[in-house]
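Asker: Just one file: data-v4.cif, with mmCIF, C-alpha atoms.
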data_final
loop_
_atom_site.label_atom_id
_atom_site.label_comp_id
_atom_site.auth_asym_id
_atom_site.auth_seq_id
_atom_site.Cartn_x
_atom_site.Cartn_y
_atom_site.Cartn_z
CA MET T 12 -16.96 20.17 -12.27
CA ILE T 13 -13.63 19.72 -10.54
CA VAL T 14 -11.23 17.04 -11.80
CA ASN T 15 -8.12 16.31 -9.72
CA GLY T 16 -8.49 19.62 -7.93
CA GLU T 17 -8.89 21.74 -11.08
CA ARG T 18 -11.97 23.24 -12.66
CA ALA T 19 -12.75 21.47 -15.96
CA ALA T 20 -15.20 21.87 -18.83
CA TRP T 21 -18.40 19.91 -18.27
CA GLU T 22 -21.14 18.85 -20.68
CA ALA T 23 -24.54 17.24 -20.15
CA GLY T 24 -24.50 13.46 -20.39
CA LEU T 25 -20.87 13.14 -19.35
CA THR T 26 -20.04 9.75 -17.81
CA VAL T 27 -16.94 8.46 -16.05
CA GLU T 28 -16.11 6.37 -19.11
CA LYS T 29 -16.34 9.37 -21.47
CA LEU T 30 -14.19 11.48 -19.14
CA LEU T 31 -11.50 8.78 -18.96
CA GLU T 32 -11.52 8.39 -22.74
CA ALA T 33 -11.30 12.12 -23.36
CA ARG T 34 -8.26 12.32 -21.09
CA ASN T 35 -6.60 9.18 -22.49
CA TYR T 36 -6.64 7.20 -19.25
CA ARG T 37 -6.46 3.42 -19.34
CA GLN T 38 -9.45 2.01 -17.51
CA ASP T 39 -7.48 -0.92 -16.10
CA ARG T 40 -4.94 1.39 -14.42
CA VAL T 41 -7.16 3.87 -12.63
CA ALA T 42 -9.34 4.31 -9.59
CA VAL T 43 -12.00 7.02 -9.80
CA GLU T 44 -13.67 8.73 -6.87
CA LYS T 45 -16.76 10.89 -7.26
CA ASN T 46 -17.42 13.20 -4.31
CA GLY T 47 -15.21 11.04 -2.12
CA GLU T 48 -16.70 7.65 -3.01
CA ILE T 49 -15.20 5.05 -5.31
CA VAL T 50 -16.99 4.52 -8.60
CA PRO T 51 -17.09 0.75 -9.23
CA LYS T 52 -15.54 -0.16 -12.59
CA LYS T 53 -18.71 -1.85 -13.77
CA ASN T 54 -20.52 1.50 -13.47
CA TYR T 55 -18.07 3.58 -15.54
CA SER T 56 -20.29 3.61 -18.65
CA THR T 57 -23.46 4.53 -16.75
CA GLU T 58 -22.16 6.74 -13.91
CA GLU T 59 -23.18 10.27 -14.85
CA ILE T 60 -21.13 13.26 -13.80
CA LEU T 61 -23.01 16.38 -12.77
CA GLU T 62 -21.72 19.90 -13.07
CA GLU T 63 -21.21 20.23 -9.31
CA ASP T 64 -19.30 16.93 -8.92
CA ARG T 65 -15.73 16.58 -7.72
CA ILE T 66 -13.80 13.83 -9.48
CA GLU T 67 -10.45 12.34 -8.47
CA ILE T 68 -8.77 10.11 -11.01
CA VAL T 69 -5.80 8.17 -9.62
CA SER T 70 -3.75 6.66 -12.42
CA PHE T 71 -1.12 4.13 -11.43
CA VAL T 72 2.30 3.65 -13.01
CA GLY T 73 4.41 0.52 -12.67
CA GLY T 74 7.10 -0.15 -10.11
CA GLY T 75 7.29 -1.40 -6.60
CA MET K 27 28.10 -18.10 18.77
CA GLU K 28 24.58 -19.01 19.86
CA LYS K 29 22.58 -15.85 20.57
CA ARG K 30 20.02 -15.78 23.35
CA ILE K 31 16.56 -14.68 22.17
CA PRO K 32 15.48 -11.63 24.19
CA SER K 33 12.21 -11.95 26.07
CA ARG K 34 9.11 -10.10 24.95
CA GLU K 35 9.41 -7.81 27.98
CA GLU K 36 13.03 -6.97 27.22
CA LEU K 37 12.22 -6.03 23.65
CA GLN K 38 9.19 -3.97 24.67
CA LYS K 39 11.34 -2.16 27.23
CA ALA K 40 13.93 -1.42 24.55
CA LEU K 41 11.21 0.05 22.33
CA LEU K 42 10.12 2.30 25.18
CA ALA K 43 13.51 3.99 25.04
CA ARG K 44 12.34 5.59 21.79
CA CYS K 45 8.59 6.10 22.20
CA THR K 46 6.03 6.55 24.96
CA ARG K 47 4.15 3.65 26.56
CA GLU K 48 0.89 4.89 25.06
CA GLU K 49 2.43 4.93 21.59
CA ALA K 50 3.96 1.50 22.07
CA GLU K 51 0.60 0.06 23.08
CA LYS K 52 -1.17 1.52 20.05
CA LEU K 53 1.53 0.16 17.76
CA TRP K 54 1.54 -3.27 19.38
CA LYS K 55 -2.24 -3.59 18.92
CA ALA K 56 -2.24 -2.42 15.29
CA GLU K 57 -2.95 -4.80 12.42
CA VAL K 58 -1.53 -3.92 9.02
CA ALA K 59 -1.97 -5.95 5.83
CA VAL K 60 0.82 -5.55 3.28
CA ALA K 61 -0.20 -6.56 -0.25
CA GLY K 62 2.86 -7.27 -2.38
CA LEU K 63 6.25 -8.05 -0.86
CA GLY K 64 8.57 -6.54 -3.46
CA GLY K 65 10.66 -3.40 -3.12
CA LEU K 66 7.84 -1.53 -1.44
CA GLY K 67 6.22 -4.20 0.72
CA SER K 68 9.37 -5.88 2.03
CA ASN K 69 10.73 -2.53 3.18
CA VAL K 70 7.39 -1.37 4.59
CA ALA K 71 7.16 -4.56 6.66
CA VAL K 72 10.71 -4.13 7.99
CA PHE K 73 10.01 -0.50 8.94
CA LEU K 74 6.74 -1.35 10.68
CA THR K 75 8.37 -4.23 12.58
CA ARG K 76 11.20 -2.01 13.81
CA ALA K 77 8.66 0.59 14.91
CA GLY K 78 6.86 -2.01 17.02
CA VAL K 79 3.70 -2.73 15.02
CA GLY K 80 2.39 -5.96 16.56
CA HIS K 81 0.33 -7.67 13.85
CA LEU K 82 1.31 -7.98 10.22
CA HIS K 83 -0.39 -9.83 7.39
CA LEU K 84 2.08 -10.51 4.56
CA ILE K 85 0.52 -11.25 1.17
CA ASP K 86 2.36 -12.33 -2.00
CA PHE K 87 2.27 -15.37 -4.29
CA ASP K 88 5.82 -14.98 -5.61
CA LYS K 89 9.21 -16.48 -4.80
CA VAL K 90 12.46 -14.55 -4.28
CA ASP K 91 14.61 -14.40 -7.41
CA MET K 92 17.91 -12.79 -8.31
CA THR K 93 16.37 -9.73 -10.00
CA ASN K 94 14.80 -8.84 -6.64
CA LEU K 95 18.11 -8.31 -4.87
CA ASN K 96 18.73 -4.82 -6.33
CA ARG K 97 15.97 -3.27 -4.23
CA GLN K 98 13.95 -5.79 -2.24
CA HIS K 99 14.72 -6.78 1.34
CA TYR K 100 16.01 -10.31 0.70
CA PHE K 101 19.35 -12.05 0.71
CA ILE K 102 21.06 -14.75 -1.36
CA SER K 103 19.99 -17.27 1.25
CA HIS K 104 16.33 -16.51 0.38
CA LEU K 105 16.56 -17.26 -3.37
CA GLY K 106 13.78 -19.65 -4.38
CA MET K 107 11.83 -19.21 -1.14
CA ASP K 108 8.26 -17.91 -1.00
CA LYS K 109 8.52 -14.17 -0.29
CA THR K 110 6.03 -14.55 2.56
CA GLU K 111 8.33 -17.03 4.34
CA ALA K 112 11.58 -15.23 3.46
CA LEU K 113 10.25 -11.97 4.87
CA LYS K 114 8.66 -13.56 7.92
CA GLU K 115 12.02 -15.15 8.77
CA GLN K 116 13.70 -11.74 8.69
CA LEU K 117 10.99 -9.95 10.64
CA LEU K 118 11.18 -12.52 13.41
CA GLN K 119 14.91 -11.77 13.63
CA ILE K 120 13.95 -8.19 14.45
CA ASN K 121 11.14 -9.12 16.83
CA PRO K 122 10.47 -12.80 17.57
CA TRP K 123 7.25 -11.88 19.44
CA LEU K 124 5.60 -10.37 16.42
CA ASP K 125 2.28 -11.86 15.25
CA ILE K 126 2.68 -12.57 11.52
CA GLU K 127 0.03 -14.05 9.26
CA THR K 128 1.09 -15.04 5.75
CA SER K 129 -0.96 -15.61 2.62
CA CYS K 130 1.03 -17.05 -0.26
CA GLU K 131 -1.56 -16.37 -2.94
CA LYS K 132 -2.40 -13.97 -5.72
CA VAL K 133 -4.78 -11.17 -4.77
CA THR K 134 -7.85 -11.11 -7.02
CA GLU K 135 -11.09 -9.15 -7.07
CA GLU K 136 -12.76 -12.23 -5.61
CA ASN K 137 -10.52 -12.83 -2.59
CA ILE K 138 -10.12 -9.19 -1.46
CA PRO K 139 -13.05 -9.41 1.03
CA ARG K 140 -11.51 -12.48 2.69
CA LEU K 141 -7.85 -11.41 2.65
CA PHE K 142 -8.36 -7.95 4.10
CA GLN K 143 -11.26 -8.47 6.49
CA ASN K 144 -9.06 -8.38 9.62
CA ALA K 145 -6.75 -5.56 8.59
CA GLY K 146 -6.90 -2.26 10.45
CA ILE K 147 -4.88 -0.56 7.72
CA ILE K 148 -4.19 -1.80 4.18
CA CYS K 149 -0.89 -1.11 2.42
CA GLU K 150 -0.83 -1.47 -1.38
CA ALA K 151 2.68 -2.44 -2.43
CA PHE K 152 2.28 -4.09 -5.83
CA ASP K 153 4.50 -3.65 -8.85
CA ARG K 154 2.12 -3.71 -11.83
CA PRO K 155 -0.27 -0.78 -12.34
CA GLU K 156 -3.22 -3.05 -13.19
CA ASN K 157 -2.81 -4.86 -9.87
CA LYS K 158 -2.52 -1.60 -7.96
CA ALA K 159 -5.75 -0.37 -9.55
CA MET K 160 -7.52 -3.68 -8.92
CA LEU K 161 -6.61 -3.66 -5.22
CA VAL K 162 -7.53 -0.03 -4.74
CA ASN K 163 -10.89 -0.42 -6.47
CA GLY K 164 -11.69 -3.56 -4.48
CA CYS K 165 -10.62 -2.19 -1.10
CA ARG K 166 -12.37 1.14 -1.58
CA GLU K 167 -15.54 -0.70 -2.54
CA PHE K 168 -15.52 -3.38 0.17
CA PHE K 169 -13.70 -1.56 2.97
CA PRO K 170 -14.21 2.21 2.61
CA GLU K 171 -13.74 2.57 6.39
CA LYS K 172 -10.24 1.04 6.42
CA PRO K 173 -7.37 3.42 5.70
CA LEU K 174 -5.72 2.48 2.40
CA VAL K 175 -2.12 3.53 1.70
CA CYS K 176 -0.93 3.15 -1.91
CA ALA K 177 2.13 3.98 -3.97
CA SER K 178 2.70 5.07 -7.53
CA GLY K 179 5.78 6.59 -9.15
CA MET K 180 9.19 5.70 -7.72
CA GLY K 181 11.20 4.77 -10.83
CA GLY K 182 14.74 5.94 -11.53
CA PHE K 183 17.10 7.76 -9.20
CA GLY K 184 17.56 11.27 -7.78
CA ARG K 185 14.58 13.64 -7.40
CA SER K 186 14.11 12.55 -3.80
CA ASN K 187 11.90 15.49 -2.98
CA ASP K 188 9.44 14.69 -5.77
CA ILE K 189 8.24 11.75 -3.71
CA VAL K 190 5.33 12.93 -1.60
CA THR K 191 2.44 11.61 0.45
CA ARG K 192 -0.98 13.00 -0.36
CA GLN K 193 -4.51 12.28 0.74
CA VAL K 194 -6.73 11.50 -2.24
CA GLY K 195 -9.97 11.08 -0.31
CA ARG K 196 -11.31 9.94 3.04
CA ASN K 197 -9.18 6.95 4.20
CA PHE K 198 -7.31 6.98 0.88
CA TYR K 199 -3.65 8.02 0.59
CA LEU K 200 -1.11 7.93 -2.22
CA CYS K 201 2.70 8.03 -1.94
CA GLY K 202 5.20 8.54 -4.75
CA ASP K 203 5.87 11.09 -7.47
CA GLY K 204 2.82 9.92 -9.41
CA THR K 205 4.56 9.72 -12.76
CA SER K 206 7.91 7.86 -12.76
CA GLY K 207 6.90 4.39 -13.86
CA ILE K 208 8.84 1.53 -15.34
CA GLU K 209 6.86 2.11 -18.56
CA GLU K 210 9.17 4.99 -19.57
CA GLY K 211 12.16 2.68 -19.45
CA GLN K 212 13.26 3.96 -16.07
CA GLY K 213 14.72 1.30 -13.88
CA LEU K 214 13.91 0.69 -10.26
CA ALA K 215 16.66 1.24 -7.72
CA ALA K 216 16.74 0.56 -4.01
CA PRO K 217 16.98 4.14 -2.68
CA ARG K 218 14.00 5.63 -4.50
CA VAL K 219 11.80 2.57 -3.97
CA ALA K 220 12.75 2.52 -0.28
CA LEU K 221 12.02 6.27 -0.05
CA CYS K 222 8.52 5.57 -1.28
CA ALA K 223 8.21 2.58 1.06
CA ALA K 224 9.31 4.83 3.93
CA HIS K 225 6.57 7.31 2.98
CA GLU K 226 4.01 4.50 3.15
CA ALA K 227 5.33 3.14 6.47
CA ASN K 228 5.64 6.59 8.01
CA LEU K 229 2.06 7.45 7.10
CA ILE K 230 0.85 4.13 8.50
CA LEU K 231 2.54 4.92 11.83
CA GLU K 232 0.93 8.35 11.82
CA LEU K 233 -2.51 6.82 11.18
CA ILE K 234 -2.01 4.30 14.00
CA LEU K 235 -0.74 6.85 16.51
CA GLU K 236 -3.28 9.55 15.73
CA LYS K 237 -6.23 7.19 16.09
CA ASN K 238 -8.05 7.66 19.38
#
Show me the file's structure as structure tokens.
Answerer:
Amino acid sequence: MIVNGERAAWEAGLTVEKLLEARNYRQDRVAVEKNGEIVPKKNYSTEEILEEDRIEIVSFVGGG
Amino acid sequence: MEKRIPSREELQKALLARCTREEAEKLWKAEVAVAGLGGLGSNVAVFLTRAGVGHLHLIDFDKVDMTNLNRQHYFISHLGMDKTEALKEQLLQINPWLDIETSCEKVTEENIPRLFQNAGIICEAFDRPENKAMLVNGCREFFPEKPLVCASGMGGFGRSNDIVTRQVGRNFYLCGDGTSGIEEGQGLAAPRVALCAAHEANLILELILEKN
């Protein structure tokens, strides 16, 4: 799979939630796109990631 | 001295000294919603107004306070005013013929469909990361066809060239350096916040002008 433009290790059964946890992202500060479509937050625990998927994780920092 | 308010035609003619008629017409027809009227949103709205964007929707629940003056586009005379009204007053000083809608309310997951239904382009200009994420998730879910311009990472000073604009996905753009947040104890200062606001505004103009 590709995460933020870089090839990354994939394993069967991987979900968006597991990926975010493994990379120490805070769920309330991110937006996740899978193959160009937003993954709704309520689906993070069930949304499976396949080996050929492209994931973009946008993590926001404060300030504006 | 009392100043005469220029007519709509005079101001449009003045704009045409700096862009083509075709560009001016596209800009005048464009509708941009600005969510958050702090250091990013107040500057984005000023930039878009100067460029001749005709319809702006200003959204913020907050009032102007003294801690805003270091980077946000407000003056002492605006202290205590709703940001929506304080900004509208200024924008009408730049172009009194501008169509401005204001919503003095907090953006929530529930009101996103209503607040942004008329926007052609949505500009995320919040301060807190949780609010940025909430808006982006909501807008991408409800309005995947509307271009969404967001910002993240503009804390501190210097490092001007670290601030970039990048396309994350279809209709989804992110400005900023991506990492300099207020969480690391970095302050927020006018130049770097305005740089990021200029990236957002400049991209919005590009999206308006490149649309056929």
Asker: Within 6 Å of chain T, which residues of chain K come that close, and what is the closest atom pair and distance in Å for each? Count all atoms listed in the file and give it as a tab-separated table.
Answerer:
residue	atom	partner	partner_atom	distance
K:Gly65	CA	T:Gly75	CA	5.2
K:Leu66	CA	T:Gly75	CA	5.2
K:Phe152	CA	T:Gly75	CA	5.7
K:Asp153	CA	T:Gly75	CA	4.2
K:Arg154	CA	T:Gly73	CA	4.9
K:Pro155	CA	T:Gly73	CA	4.9
K:Glu156	CA	T:Arg40	CA	4.9
K:Ala159	CA	T:Arg40	CA	5.2
K:Asn163	CA	T:Ala42	CA	5.9
K:Ser178	CA	T:Phe71	CA	5.5
K:Gly179	CA	T:Val72	CA	6.0
K:Gly195	CA	T:Gly47	CA	5.5
K:Gly207	CA	T:Val72	CA	4.7
K:Ile208	CA	T:Gly73	CA	5.3
Asker: Just C-alpha atoms for this one: save the residues we selected as a compact mmCIF listing (two decimals), in the coordinates of the input.
Answerer:
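Everything below was put into part-v2.txt:
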# COMPACT_ATOMS: atom_id res chain seq x y z
CA GLY K 65 10.66 -3.40 -3.12
CA LEU K 66 7.84 -1.53 -1.44
CA PHE K 152 2.28 -4.09 -5.83
CA ASP K 153 4.50 -3.65 -8.85
CA ARG K 154 2.12 -3.71 -11.83
CA PRO K 155 -0.27 -0.78 -12.34
CA GLU K 156 -3.22 -3.05 -13.19
CA ALA K 159 -5.75 -0.37 -9.55
CA ASN K 163 -10.89 -0.42 -6.47
CA SER K 178 2.70 5.07 -7.53
CA GLY K 179 5.78 6.59 -9.15
CA GLY K 195 -9.97 11.08 -0.31
CA GLY K 207 6.90 4.39 -13.86
CA ILE K 208 8.84 1.53 -15.34
Asker: Carefully work through the PyMOL selection byres ((chain T and resi 16) around 9) for this structure and note down the residues it includes, as JSON, numbers by chain.
Answerer: {"T": [13, 14, 15, 17, 18, 65, 66, 67]}
Asker: Go ahead and compute the interatomic distance for atom CA of K:Val194 and atom CA of K:Phe87, in Å to one decimal.
Answerer: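 These two atoms are separated by 28.4 Å.
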Asker: Closest to T:Lys53 among K:Phe198, K:Leu41, K:Phe183, K:Glu167, using all atoms listed in the file?
Answerer: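 The shortest atom-to-atom distance to T:Lys53 comes from K:Glu167.
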Asker: Using Å and a single decimal, report how far atom CA of K:Val79 sits from atom CA of K:Ala56.
Answerer: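 Separation between atom CA of K:Ala56 and atom CA of K:Val79: 6.0 Å.
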Asker: Rounded to one decimal in Å, what is the spacing between atom CA of K:Asp108 and atom CA of K:Trp54?
Answerer: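 Here the two named atoms are 26.0 Å from each other.
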Asker: Give as a list in words the set of residues within 7 Å of the point (-22.1, 10.7, -13.6), where distances use the file's coordinates and all atoms listed in the file.
Answerer: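 Those residues lying close to the given coordinates are Leu25, Thr26, Val27, Glu58, Glu59, Ile60 and Leu61 of chain T.
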Asker: Kindly save the residues from that selection, with C-alpha atoms included, as an mmCIF file, in the coordinates of the input.
Answerer:
data_model
loop_
_atom_site.group_PDB
_atom_site.id
_atom_site.type_symbol
_atom_site.label_atom_id
_atom_site.label_comp_id
_atom_site.auth_asym_id
_atom_site.auth_seq_id
_atom_site.Cartn_x
_atom_site.Cartn_y
_atom_site.Cartn_z
ATOM 1 C CA LEU T 25 -20.870 13.140 -19.350
ATOM 2 C CA THR T 26 -20.040 9.750 -17.810
ATOM 3 C CA VAL T 27 -16.940 8.460 -16.050
ATOM 4 C CA GLU T 58 -22.160 6.740 -13.910
ATOM 5 C CA GLU T 59 -23.180 10.270 -14.850
ATOM 6 C CA ILE T 60 -21.130 13.260 -13.800
ATOM 7 C CA LEU T 61 -23.010 16.380 -12.770
#
Asker: Determine the nearest neighbour of K:Thr134 from the options K:Leu82, K:Val219, K:Leu63, K:Met160, counting all atoms listed in the file.
Answerer: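 With all atoms listed in the file as the atom set, the closest residue is K:Met160.
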Asker: In terms of the shortest atom-to-atom distance over all atoms listed in the file, which of K:Gly202, K:Glu51, K:Phe142, K:Ser103 is closest to K:Lys39?
Answerer: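 Going through K:Gly202, K:Glu51, K:Phe142, K:Ser103 one by one, the smallest distance to K:Lys39 is for K:Glu51.
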Asker: Compile the contact shell of K:Thr93 as a list in words: residues with an atom at most 12 Å away, counting only C-alpha atoms, same-chain residues fewer than 4 positions apart removed.
Answerer: Gly64, Gly65, Lys89, Arg97, Gln98, His99, Tyr100, Phe101, Ile102, Leu105, Gly106, Gly213, Leu214, Ala215 and Ala216 of chain K
Asker: Any chance you could export the current selection's C-alpha atoms as a short mmCIF file (atom, residue, chain, number, x, y, z; two decimals), keeping the file's coordinate frame?
Answerer:
data_model
loop_
_atom_site.label_atom_id
_atom_site.label_comp_id
_atom_site.auth_asym_id
_atom_site.auth_seq_id
_atom_site.Cartn_x
_atom_site.Cartn_y
_atom_site.Cartn_z
CA GLY K 64 8.57 -6.54 -3.46
CA GLY K 65 10.66 -3.40 -3.12
CA LYS K 89 9.21 -16.48 -4.80
CA ARG K 97 15.97 -3.27 -4.23
CA GLN K 98 13.95 -5.79 -2.24
CA HIS K 99 14.72 -6.78 1.34
CA TYR K 100 16.01 -10.31 0.70
CA PHE K 101 19.35 -12.05 0.71
CA ILE K 102 21.06 -14.75 -1.36
CA LEU K 105 16.56 -17.26 -3.37
CA GLY K 106 13.78 -19.65 -4.38
CA GLY K 213 14.72 1.30 -13.88
CA LEU K 214 13.91 0.69 -10.26
CA ALA K 215 16.66 1.24 -7.72
CA ALA K 216 16.74 0.56 -4.01
#
Asker: Report as a list in words all protein, DNA and RNA residues lying within 9 Å of K:Ala71, evaluated on only C-alpha atoms, omitting residues in the same chain fewer than 4 positions from it.
Answerer: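 Counting only C-alpha atoms, the residues come to Val60, Leu63, Leu66, Gly67, Thr75, Arg76, Leu82, Leu84, Leu113, Leu117 and Ala227 of chain K.
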Asker: Taking the file above as input, evaluate the PyMOL selection byres ((chain K and resi 228) around 12) and report the hits as a ChimeraX atom specification.
Answerer: /K:69-74,76-77,79,149,175,190-191,199,201,220-227,229-235
Asker: I want to know what sits within 10 Å of K:Ser33, based on all atoms listed in the file, with residues of the same chain fewer than 6 positions away left out; could you give that as a PyMOL selection string?
Answerer: chain K and resi 39+121-123
Asker: Which is closer to K:Leu141 than all the others in K:Asp125, K:Asp86, K:Gln119, K:Pro217, using all atoms listed in the file?
Answerer: K:Asp86
Asker: Please return, as a ChimeraX atom specification, all polymer residues that have at least one atom within 10 Å of the point (-8.4, -7.3, -1.5); use all atoms listed in the file and the file's own coordinate frame.
Answerer: /K:59,61,132-143,148,150,160-169
